[in-house]
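Remarks on the structure that follows.
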Amino acid sequence: MTTTKQKLLPLTDFLADYHAHPREYDVPLNEDSYDHAVRILSGLPDDIVAPEIILDNDGEIAFEWYHSEGRQIIVSIYPDGSVGYAGFRGLKGKEGFYGRISTAQYLPKNFIQLIKNITQKDNKL
């Protein structure tokens, strides 16, 4: 079982790098986005692989899950608690998708399943 501390490790590592190398980042970190990102990341199921943490151009936190060409999803955490997402799935990324979830208290089960489908190695989509 994955602990909350383990789930938050990518975000903790990002924050440490952000503070250690502030000149590498062109924009200030949006604290509200970060707070929502902590809540969302800690609420992910144990069987979700950890995302890469990205700082968007507007200072918002984003999560990226990448499997292979044509199989990725980026989830942006907005300061108001909503979540925007975009990605590709299917052969050579021919099936693109995007959308917005109005509340980021947690990610809906069907959205969690989408992330699993994109990141699982044995899933051919």
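Convention: chains lettered A, B, ... in structure tokens order; per-chain residue numbering from 1; ligands numbered from 1 as shown.
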> Which parts of range 72-101 of chain A does DSSP call strand (DSSP E or B) when run on the backbone here, written out as a PyMOL selection string?
Replying inline: chain A and resi 72-77+83-89+95-101
>> DSSP on the backbone: which residues in chain A end up as helix (DSSP H, G or I)? Give the answer as a PyMOL selection string.
In response: chain A and resi 4-7+9-20+22-24+31-42+91-93+109-119
>> With only C-alpha atoms as the counted atoms, please give the residues lying no more than 7 Å from range 106-121 of chain A, apart from itself and same-chain residues fewer than 2 positions off, as a list in words.
In response: Ile40, Gly43, Ile48, Trp65, Tyr66, His67, Arg71, Gln72, Arg89, Ala104 and Asn123 of chain A
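If only C-alpha atoms are the atoms counted, then among A:Leu11, A:Ala20, A:Ile77, A:Val27 the closest residue to Glu52 in chain A is A:Leu11.
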>> Give me the residues near Glu60 in chain A as an MDAnalysis selection string, where near means some atom within 8 Å (using only C-alpha atoms) and where sequence neighbours in that chain fewer than 6 positions away do not count.
In response: chainID A and resid 29:30 33:34 76:79
Restricting the output to C-alpha atoms, write the selected residues as an mmCIF file, in the first residue's frame.
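Everything below was put into out-v3.cif:
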```cif
data_model
loop_
_atom_site.group_PDB
_atom_site.id
_atom_site.type_symbol
_atom_site.label_atom_id
_atom_site.label_comp_id
_atom_site.auth_asym_id
_atom_site.auth_seq_id
_atom_site.Cartn_x
_atom_site.Cartn_y
_atom_site.Cartn_z
ATOM 1 C CA LEU A 29 4.299 29.069 -8.511
ATOM 2 C CA ASN A 30 0.585 29.610 -7.937
ATOM 3 C CA SER A 33 -2.897 25.479 -7.669
ATOM 4 C CA TYR A 34 -0.220 23.772 -5.587
ATOM 5 C CA SER A 76 -3.674 21.097 -15.220
ATOM 6 C CA ILE A 77 -4.718 22.132 -11.719
ATOM 7 C CA TYR A 78 -6.322 25.579 -11.731
ATOM 8 C CA PRO A 79 -6.300 27.961 -8.737
#
```
What's around Ser102 in chain A at 9 Å? Count only C-alpha atoms, leave out sequence neighbours fewer than 6 positions away in its own chain, and write the answer as a PDB file with C-alpha atoms, in the first residue's frame.
```pdb
ATOM      1  CA  ASP A  80     -10.096  27.750  -8.432  1.00  0.00           C
ATOM      2  CA  GLY A  81      -9.911  23.982  -7.879  1.00  0.00           C
ATOM      3  CA  SER A  82     -11.040  22.928 -11.329  1.00  0.00           C
ATOM      4  CA  VAL A  83      -9.004  20.618 -13.543  1.00  0.00           C
ATOM      5  CA  GLY A  84      -8.313  20.895 -17.260  1.00  0.00           C
TER       6      GLY A  84
END
```
> When distances are computed from only C-alpha atoms, which of A:Ser42, A:Ala16, A:Pro51, A:Lys94 shows the smallest separation from Gly70 in chain A?
Replying inline: A:Lys94
